[in-house]
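Trainee: One file: protein-v2.cif (mmCIF, C-alpha atoms and all ligand atoms).
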data_input
loop_
_atom_site.group_PDB
_atom_site.id
_atom_site.type_symbol
_atom_site.label_atom_id
_atom_site.label_comp_id
_atom_site.auth_asym_id
_atom_site.auth_seq_id
_atom_site.Cartn_x
_atom_site.Cartn_y
_atom_site.Cartn_z
ATOM 1 C CA MET C 150 58.785 132.178 76.738
ATOM 2 C CA ALA C 151 62.099 132.947 78.322
ATOM 3 C CA VAL C 152 65.550 131.486 78.736
ATOM 4 C CA ARG C 153 65.860 131.124 82.487
ATOM 5 C CA ARG C 154 68.849 131.270 84.798
ATOM 6 C CA ILE C 155 70.092 127.837 85.822
ATOM 7 C CA ALA C 156 70.672 126.882 89.459
ATOM 8 C CA ARG C 157 74.164 125.607 90.196
ATOM 9 C CA LEU C 158 75.509 123.013 92.639
ATOM 10 C CA GLY C 159 75.144 124.443 96.143
ATOM 11 C CA GLU C 160 71.766 126.050 95.439
ATOM 12 C CA PRO C 161 69.511 124.555 98.181
ATOM 13 C CA GLY C 162 66.578 124.131 95.775
ATOM 14 C CA LEU C 163 68.524 121.463 93.895
ATOM 15 C CA ARG C 164 68.435 119.309 97.036
ATOM 16 C CA ARG C 165 64.695 119.427 97.704
ATOM 17 C CA VAL C 166 62.128 116.849 96.652
ATOM 18 C CA ALA C 167 59.966 118.578 94.046
ATOM 19 C CA SER C 168 56.241 118.964 94.708
ATOM 20 C CA LYS C 169 53.878 117.022 92.485
ATOM 21 C CA ILE C 170 51.726 119.031 90.086
ATOM 22 C CA GLU C 171 48.176 119.036 91.497
ATOM 23 C CA ALA C 172 45.146 117.957 89.479
ATOM 24 C CA GLU C 173 43.774 121.506 89.045
ATOM 25 C CA GLN C 174 47.054 122.735 87.523
ATOM 26 C CA PHE C 175 46.900 120.439 84.464
ATOM 27 C CA GLY C 176 46.048 122.367 81.318
ATOM 28 C CA SER C 177 46.727 125.697 83.033
ATOM 29 C CA ALA C 178 48.551 128.602 81.401
ATOM 30 C CA GLY C 179 51.014 128.643 84.295
ATOM 31 C CA LEU C 180 52.075 125.041 83.786
ATOM 32 C CA GLN C 181 52.359 125.508 80.013
ATOM 33 C CA ALA C 182 54.503 128.631 80.533
ATOM 34 C CA LEU C 183 56.839 126.657 82.797
ATOM 35 C CA VAL C 184 57.103 123.884 80.189
ATOM 36 C CA ASN C 185 57.853 126.431 77.455
ATOM 37 C CA ASP C 186 60.623 127.968 79.567
ATOM 38 C CA LEU C 187 62.118 124.546 80.288
ATOM 39 C CA ILE C 188 62.215 123.699 76.571
ATOM 40 C CA GLU C 189 63.567 127.093 75.522
ATOM 41 C CA THR C 190 66.241 127.074 78.232
ATOM 42 C CA MET C 191 67.305 123.478 77.505
ATOM 43 C CA ARG C 192 67.694 124.272 73.802
ATOM 44 C CA ALA C 193 69.508 127.566 74.415
ATOM 45 C CA VAL C 194 72.235 125.881 76.444
ATOM 46 C CA SER C 195 72.368 122.563 74.516
ATOM 47 C CA GLY C 196 71.143 120.431 77.400
ATOM 48 C CA ALA C 197 69.956 116.861 76.820
ATOM 49 C CA GLY C 198 67.350 117.432 79.521
ATOM 50 C CA LEU C 199 66.267 119.953 82.113
ATOM 51 C CA ALA C 200 64.248 119.664 85.316
ATOM 52 C CA ALA C 201 62.140 122.432 86.865
ATOM 53 C CA PRO C 202 64.240 122.699 90.078
ATOM 54 C CA GLN C 203 67.159 123.684 87.836
ATOM 55 C CA ILE C 204 65.270 126.858 86.919
ATOM 56 C CA PHE C 205 64.256 127.531 90.540
ATOM 57 C CA GLU C 206 60.789 125.933 90.283
ATOM 58 C CA ASN C 207 60.243 123.263 92.917
ATOM 59 C CA VAL C 208 57.770 121.131 90.960
ATOM 60 C CA ALA C 209 57.936 117.688 89.347
ATOM 61 C CA VAL C 210 58.275 118.659 85.679
ATOM 62 C CA CYS C 211 61.134 117.837 83.312
ATOM 63 C CA VAL C 212 61.932 117.777 79.607
ATOM 64 C CA ILE C 213 64.401 115.746 77.583
ATOM 65 C CA GLU C 214 65.503 116.049 73.959
ATOM 66 C CA VAL C 215 68.632 115.278 71.933
ATOM 67 C CA LYS C 216 69.062 116.803 68.477
ATOM 68 C CA LYS C 217 72.671 116.733 67.235
ATOM 69 C CA ASN C 218 73.756 117.839 70.681
ATOM 70 C CA THR C 219 77.113 119.629 70.850
ATOM 71 C CA ARG C 220 77.595 118.822 74.557
ATOM 72 C CA TYR C 221 76.914 115.118 73.920
ATOM 73 C CA PRO C 222 77.875 114.289 70.309
ATOM 74 C CA MET C 223 77.903 110.571 71.228
ATOM 75 C CA PHE C 224 74.176 110.490 72.050
ATOM 76 C CA PRO C 225 71.553 109.252 69.580
ATOM 77 C CA GLU C 226 68.772 111.665 68.615
ATOM 78 C CA ILE C 227 65.898 111.520 71.098
ATOM 79 C CA PRO C 228 62.555 113.241 70.449
ATOM 80 C CA LEU C 229 61.225 115.831 72.883
ATOM 81 C CA SER C 230 59.450 114.445 75.947
ATOM 82 C CA VAL C 231 57.629 116.685 78.410
ATOM 83 C CA LEU C 232 56.993 114.823 81.650
ATOM 84 C CA VAL C 233 54.863 115.848 84.617
ATOM 85 C CA ASN C 234 55.056 113.876 87.881
ATOM 86 C CA PRO C 235 57.252 111.195 86.281
ATOM 87 C CA VAL C 236 57.913 107.931 88.097
ATOM 88 C CA LEU C 237 60.498 105.383 86.948
ATOM 89 C CA THR C 238 60.663 101.738 87.921
ATOM 90 C CA PRO C 239 63.200 99.186 86.693
ATOM 91 C CA LEU C 240 61.762 96.856 84.061
ATOM 92 C CA PRO C 241 61.229 93.356 85.433
ATOM 93 C CA GLY C 242 63.692 90.796 84.139
ATOM 94 C CA HIS C 243 67.341 91.313 83.324
ATOM 95 C CA HIS C 244 68.124 94.237 81.031
ATOM 96 C CA GLY C 245 71.662 95.078 82.097
ATOM 97 C CA SER C 246 73.203 98.429 82.908
ATOM 98 C CA ILE C 247 74.376 101.518 81.066
ATOM 99 C CA ALA C 248 77.314 103.690 82.090
ATOM 100 C CA ILE C 249 77.637 107.240 80.798
ATOM 101 C CA PHE C 250 80.091 110.011 81.592
ATOM 102 C CA GLU C 251 77.280 112.339 82.612
ATOM 103 C CA GLY C 252 77.333 116.073 82.922
ATOM 104 C CA CYS C 253 74.764 118.521 84.216
ATOM 105 C CA LEU C 254 73.902 122.126 83.463
ATOM 106 C CA SER C 255 73.852 122.667 87.238
ATOM 107 C CA VAL C 256 77.377 121.276 87.578
ATOM 108 C CA PRO C 257 79.130 123.131 84.756
ATOM 109 C CA GLY C 258 82.410 121.818 83.410
ATOM 110 C CA LEU C 259 82.373 118.459 85.177
ATOM 111 C CA ARG C 260 81.754 114.915 83.938
ATOM 112 C CA GLY C 261 81.575 111.677 85.884
ATOM 113 C CA ARG C 262 80.780 108.055 85.139
ATOM 114 C CA VAL C 263 77.388 106.917 86.433
ATOM 115 C CA VAL C 264 76.125 103.327 86.133
ATOM 116 C CA ARG C 265 72.350 102.992 85.892
ATOM 117 C CA PRO C 266 69.727 100.364 85.005
ATOM 118 C CA ARG C 267 69.573 100.108 81.207
ATOM 119 C CA ALA C 268 65.780 99.787 81.008
ATOM 120 C CA VAL C 269 63.000 101.501 82.927
ATOM 121 C CA GLN C 270 59.241 101.753 82.898
ATOM 122 C CA LEU C 271 58.161 105.394 82.651
ATOM 123 C CA SER C 272 54.835 106.524 84.102
ATOM 124 C CA ALA C 273 54.067 110.222 83.798
ATOM 125 C CA LEU C 274 51.457 112.732 82.690
ATOM 126 C CA THR C 275 51.462 115.319 79.928
ATOM 127 C CA PRO C 276 50.896 118.997 80.856
ATOM 128 C CA THR C 277 47.218 118.501 79.983
ATOM 129 C CA GLY C 278 46.960 115.411 82.183
ATOM 130 C CA GLU C 279 47.099 112.622 79.581
ATOM 131 C CA PRO C 280 48.855 109.506 80.878
ATOM 132 C CA ILE C 281 52.245 108.475 79.463
ATOM 133 C CA GLU C 282 53.290 104.850 79.903
ATOM 134 C CA ARG C 283 56.282 103.468 78.067
ATOM 135 C CA GLN C 284 59.374 101.353 78.364
ATOM 136 C CA VAL C 285 62.618 103.209 77.788
ATOM 137 C CA ILE C 286 65.961 101.564 77.060
ATOM 138 C CA GLY C 287 69.561 102.734 76.657
ATOM 139 C CA VAL C 288 70.789 106.340 76.563
ATOM 140 C CA GLU C 289 67.262 107.743 76.835
ATOM 141 C CA ALA C 290 66.673 105.635 79.964
ATOM 142 C CA ALA C 291 69.853 107.023 81.545
ATOM 143 C CA ILE C 292 68.936 110.632 80.691
ATOM 144 C CA LEU C 293 65.445 110.093 82.116
ATOM 145 C CA GLN C 294 66.909 108.747 85.352
ATOM 146 C CA HIS C 295 69.241 111.762 85.576
ATOM 147 C CA GLU C 296 66.279 114.158 85.187
ATOM 148 C CA VAL C 297 63.984 112.313 87.590
ATOM 149 C CA ASP C 298 66.849 112.308 90.125
ATOM 150 C CA HIS C 299 66.726 116.135 89.956
ATOM 151 C CA LEU C 300 63.074 115.938 91.056
ATOM 152 C CA LEU C 301 64.194 113.857 94.050
ATOM 153 C CA GLY C 302 66.938 116.286 95.052
ATOM 154 C CA SER C 303 69.762 114.116 93.729
ATOM 155 C CA LEU C 304 72.562 115.112 91.351
ATOM 156 C CA PHE C 305 74.805 112.925 89.189
ATOM 157 C CA VAL C 306 77.800 113.684 91.410
ATOM 158 C CA ASP C 307 76.018 111.704 94.182
ATOM 159 C CA LYS C 308 76.125 108.571 92.021
ATOM 160 C CA ALA C 309 79.267 109.011 89.949
ATOM 161 C CA ASP C 310 82.346 106.976 90.764
ATOM 162 C CA PRO C 311 84.369 109.716 92.519
ATOM 163 C CA ARG C 312 87.555 108.572 90.807
ATOM 164 C CA SER C 313 85.948 109.063 87.387
ATOM 165 C CA LEU C 314 85.241 112.774 87.914
ATOM 166 C CA THR C 315 86.902 114.898 85.263
ATOM 167 C CA PHE C 316 86.750 118.447 83.981
ATOM 168 C CA LEU C 317 85.455 118.812 80.432
ATOM 169 C CA GLU C 318 88.816 119.628 78.887
ATOM 170 C CA GLU C 319 90.447 116.584 80.505
ATOM 171 C CA PHE C 320 87.393 114.475 79.560
ATOM 172 C CA GLU C 321 87.917 115.339 75.894
ATOM 173 C CA GLN C 322 91.630 114.645 76.227
ATOM 174 C CA PHE C 323 91.711 111.451 78.288
ATOM 175 C CA VAL C 324 88.388 109.570 78.064
ATOM 176 C CA PRO C 325 88.329 107.555 74.820
ATOM 177 C CA VAL C 326 85.172 107.992 72.754
ATOM 178 C CA GLU C 327 84.306 104.295 73.124
ATOM 179 C CA GLU C 328 84.283 104.603 76.946
ATOM 180 C CA ARG C 329 81.902 107.574 77.102
ATOM 181 C CA VAL C 330 78.765 105.446 76.761
ATOM 182 C CA THR C 331 78.932 101.708 77.497
ATOM 183 C CA GLU C 332 76.121 99.201 77.825
ATOM 184 C CA GLN C 333 76.413 95.960 79.768
ATOM 185 C CA LEU C 334 73.866 93.258 79.009
HETATM 186 NI NI NI U 1 71.291 117.610 85.365
#
How would this structure read if it were set down as structure tokens?
Ligand code: NI

Mentor:
Amino acid sequence: MAVRRIARLGEPGLRRVASKIEAEQFGSAGLQALVNDLIETMRAVSGAGLAAPQIFENVAVCVIEVKKNTRYPMFPEIPLSVLVNPVLTPLPGHHGSIAIFEGCLSVPGLRGRVVRPRAVQLSALTPTGEPIERQVIGVEAAILQHEVDHLLGSLFVDKADPRSLTFLEEFEQFVPVEERVTEQL
């Protein structure tokens, strides 16, 4: 296990579509080592999630977890998910939207308001190839979308309202707590 260096905005690898993990790689020591590094790195830097391209690995693997997170004190606790080849689709029916002042370990010091679907269907595999199918709603759905965007070469600054962009110090000073996460039904 190792805490890995994190790619920053401008690194070309952050703009590539990640390769899917191939069938023969499931259950391999290499894939498990990558997952361990993702988890260790995410926890070391208090991320709410981390995608493999952010540690210079161009494959479709990401992790999310929130445990009393100092970077996002307004987030609920979310158990660890390890997702291989994740695909998100909006849930059918009307489930509203969620807007969060997002940040990203690859865009240090910046926050910006991103509006996303509030509910998604997650289809993914575990590192040993077991299927994961579940509906995700609210903050966890937004975090998942942020991480899966990384696997598609997209960063939150692509989707944030440009006029909402703010450095962290100004975010703390000027964005009221009640505006940091808002859900619209
Ligand atoms: Ni990110």

Trainee: Please, which residues have at least one atom within 12 Å of an atom of ligand NI 1 (chain U), using all atoms listed in the file, listed as a VMD selection string?

Mentor: chain C and resid 155 to 158 163 191 195 to 204 211 to 213 251 to 257 259 to 261 291 to 307

Trainee: Would you work out the distance separating CA of Val233 in chain C from CA of Ile286 in chain C, expressed in Å to one decimal?

Mentor: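 These two atoms are separated by 19.6 Å.
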
Trainee: Can you tell me, as a list of chain:residue names, what residues are no more than 10 Å from Phe175 in chain C when counting all atoms listed in the file, ignoring any on the same chain fewer than 3 positions away?

Mentor: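 Once the adjacent positions are removed, what remains is C:Ile170, C:Glu171, C:Ala172, C:Ala178, C:Gly179, C:Leu180, C:Gln181, C:Val233, C:Leu274, C:Thr275, C:Pro276, C:Thr277, C:Gly278, C:Glu279.
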
Trainee: Tell me, as a list in words, which residues lie within 6 Å of Val208 in chain C, counting all atoms listed in the file; anything in the same chain fewer than 4 positions away does not count.

Mentor: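 The residues satisfying every condition are Ala167, Ser168 and Lys169 of chain C.
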
Trainee: One decimal, Å: what's the distance from CA of Ala248 in chain C over to CA of Val330 in chain C, could you say?

Mentor: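 These atoms are spaced 5.8 Å apart.
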
Trainee: Can you tell me, as JSON, the centre and edge lengths (Å, one decimal) of the axis-aligned box enclosing all of range 217-234 of chain C's listed atoms after padding each side by 4 Å?

Mentor:
{"center_x": 66.4, "center_y": 114.4, "center_z": 77.6, "size_x": 31.0, "size_y": 18.4, "size_z": 28.6}

Trainee: Residues at most 10 Å from range 150-154 of chain C, counting all atoms listed in the file, excluding those fewer than 4 positions away in the same chain, as a list in words?

Mentor: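 Counting all atoms listed in the file, the residues come to Gln181, Ala182, Leu183, Val184, Asn185, Asp186, Leu187, Ile188, Glu189, Thr190, Met191, Arg192, Ala193, Val194, Gln203, Ile204 and Phe205 of chain C.
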
Trainee: I would like the residues chosen by the PyMOL selection byres (((chain C and resi 316) around 7) and not hetatm) on the shown file; could you give them as a list in words?

Mentor: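 So the PyMOL selection byres (((chain C and resi 316) around 7) and not hetatm), applied here, picks out Gly258, Leu259, Arg260, Thr315, Leu317, Glu318, Glu319 and Phe320 of chain C.
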
Trainee: Between CA of Leu237 in chain C and CA of Leu271 in chain C, what distance in Å does the model show, to one decimal?

Mentor: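 For CA of Leu237 in chain C relative to CA of Leu271 in chain C, the distance reads 4.9 Å.
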
Trainee: Between C:Leu314, C:Leu240, C:Ala273, C:Ile281, which has the minimum distance to Val210 in chain C (counting all atoms listed in the file)?

Mentor: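 Once distances to Val210 in chain C are computed over all atoms listed in the file, the minimum belongs to C:Ala273.
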
Trainee: Of the candidates C:Pro239, C:Pro266, C:Gly287, C:Pro311, which one gets nearest to Ile227 in chain C if we count all atoms listed in the file?

Mentor: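 Of the candidates, the smallest distance to Ile227 in chain C is held by C:Gly287.
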
Trainee: As a PDB file, in the coordinates of the input, please: range 286-308 of chain C completed to N, CA and C atoms.

Mentor:
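Output file selection.pdb is given in full below:
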ATOM      1  N   ILE C 286      64.738 102.374  76.987  1.00  0.00           N
ATOM      2  CA  ILE C 286      65.961 101.564  77.060  1.00  0.00           C
ATOM      3  C   ILE C 286      67.150 102.376  76.556  1.00  0.00           C
ATOM      4  N   GLY C 287      68.302 102.183  77.167  1.00  0.00           N
ATOM      5  CA  GLY C 287      69.561 102.734  76.657  1.00  0.00           C
ATOM      6  C   GLY C 287      69.799 104.170  77.107  1.00  0.00           C
ATOM      7  N   VAL C 288      70.392 104.966  76.209  1.00  0.00           N
ATOM      8  CA  VAL C 288      70.789 106.340  76.563  1.00  0.00           C
ATOM      9  C   VAL C 288      69.586 107.144  77.060  1.00  0.00           C
ATOM     10  N   GLU C 289      68.443 106.981  76.400  1.00  0.00           N
ATOM     11  CA  GLU C 289      67.262 107.743  76.835  1.00  0.00           C
ATOM     12  C   GLU C 289      66.865 107.357  78.263  1.00  0.00           C
ATOM     13  N   ALA C 290      66.996 106.082  78.602  1.00  0.00           N
ATOM     14  CA  ALA C 290      66.673 105.635  79.964  1.00  0.00           C
ATOM     15  C   ALA C 290      67.612 106.290  80.982  1.00  0.00           C
ATOM     16  N   ALA C 291      68.884 106.406  80.628  1.00  0.00           N
ATOM     17  CA  ALA C 291      69.853 107.023  81.545  1.00  0.00           C
ATOM     18  C   ALA C 291      69.559 108.516  81.712  1.00  0.00           C
ATOM     19  N   ILE C 292      69.250 109.199  80.609  1.00  0.00           N
ATOM     20  CA  ILE C 292      68.936 110.632  80.691  1.00  0.00           C
ATOM     21  C   ILE C 292      67.681 110.844  81.547  1.00  0.00           C
ATOM     22  N   LEU C 293      66.678 110.002  81.320  1.00  0.00           N
ATOM     23  CA  LEU C 293      65.445 110.093  82.116  1.00  0.00           C
ATOM     24  C   LEU C 293      65.746 109.938  83.605  1.00  0.00           C
ATOM     25  N   GLN C 294      66.579 108.972  83.943  1.00  0.00           N
ATOM     26  CA  GLN C 294      66.909 108.747  85.352  1.00  0.00           C
ATOM     27  C   GLN C 294      67.641 109.957  85.931  1.00  0.00           C
ATOM     28  N   HIS C 295      68.529 110.555  85.128  1.00  0.00           N
ATOM     29  CA  HIS C 295      69.241 111.762  85.576  1.00  0.00           C
ATOM     30  C   HIS C 295      68.233 112.878  85.880  1.00  0.00           C
ATOM     31  N   GLU C 296      67.252 113.069  84.991  1.00  0.00           N
ATOM     32  CA  GLU C 296      66.279 114.158  85.187  1.00  0.00           C
ATOM     33  C   GLU C 296      65.351 113.868  86.362  1.00  0.00           C
ATOM     34  N   VAL C 297      64.888 112.640  86.482  1.00  0.00           N
ATOM     35  CA  VAL C 297      63.984 112.313  87.590  1.00  0.00           C
ATOM     36  C   VAL C 297      64.742 112.408  88.922  1.00  0.00           C
ATOM     37  N   ASP C 298      66.043 112.089  88.908  1.00  0.00           N
ATOM     38  CA  ASP C 298      66.849 112.308  90.125  1.00  0.00           C
ATOM     39  C   ASP C 298      66.796 113.777  90.564  1.00  0.00           C
ATOM     40  N   HIS C 299      66.829 114.707  89.601  1.00  0.00           N
ATOM     41  CA  HIS C 299      66.726 116.135  89.956  1.00  0.00           C
ATOM     42  C   HIS C 299      65.445 116.407  90.748  1.00  0.00           C
ATOM     43  N   LEU C 300      64.361 115.713  90.388  1.00  0.00           N
ATOM     44  CA  LEU C 300      63.074 115.938  91.056  1.00  0.00           C
ATOM     45  C   LEU C 300      63.061 115.329  92.454  1.00  0.00           C
ATOM     46  N   LEU C 301      64.063 114.493  92.728  1.00  0.00           N
ATOM     47  CA  LEU C 301      64.194 113.857  94.050  1.00  0.00           C
ATOM     48  C   LEU C 301      65.310 114.503  94.862  1.00  0.00           C
ATOM     49  N   GLY C 302      65.884 115.579  94.326  1.00  0.00           N
ATOM     50  CA  GLY C 302      66.938 116.286  95.052  1.00  0.00           C
ATOM     51  C   GLY C 302      68.314 115.660  94.920  1.00  0.00           C
ATOM     52  N   SER C 303      68.488 114.828  93.904  1.00  0.00           N
ATOM     53  CA  SER C 303      69.762 114.116  93.729  1.00  0.00           C
ATOM     54  C   SER C 303      70.449 114.585  92.450  1.00  0.00           C
ATOM     55  N   LEU C 304      71.777 114.672  92.510  1.00  0.00           N
ATOM     56  CA  LEU C 304      72.562 115.112  91.351  1.00  0.00           C
ATOM     57  C   LEU C 304      73.515 113.993  90.928  1.00  0.00           C
ATOM     58  N   PHE C 305      73.996 114.051  89.679  1.00  0.00           N
ATOM     59  CA  PHE C 305      74.805 112.925  89.189  1.00  0.00           C
ATOM     60  C   PHE C 305      76.083 112.747  90.001  1.00  0.00           C
ATOM     61  N   VAL C 306      76.572 113.822  90.617  1.00  0.00           N
ATOM     62  CA  VAL C 306      77.800 113.684  91.410  1.00  0.00           C
ATOM     63  C   VAL C 306      77.578 112.792  92.644  1.00  0.00           C
ATOM     64  N   ASP C 307      76.310 112.610  93.063  1.00  0.00           N
ATOM     65  CA  ASP C 307      76.018 111.704  94.182  1.00  0.00           C
ATOM     66  C   ASP C 307      76.267 110.253  93.788  1.00  0.00           C
ATOM     67  N   LYS C 308      76.105 109.964  92.497  1.00  0.00           N
ATOM     68  CA  LYS C 308      76.125 108.571  92.021  1.00  0.00           C
ATOM     69  C   LYS C 308      77.350 108.239  91.200  1.00  0.00           C
TER      70      LYS C 308
END
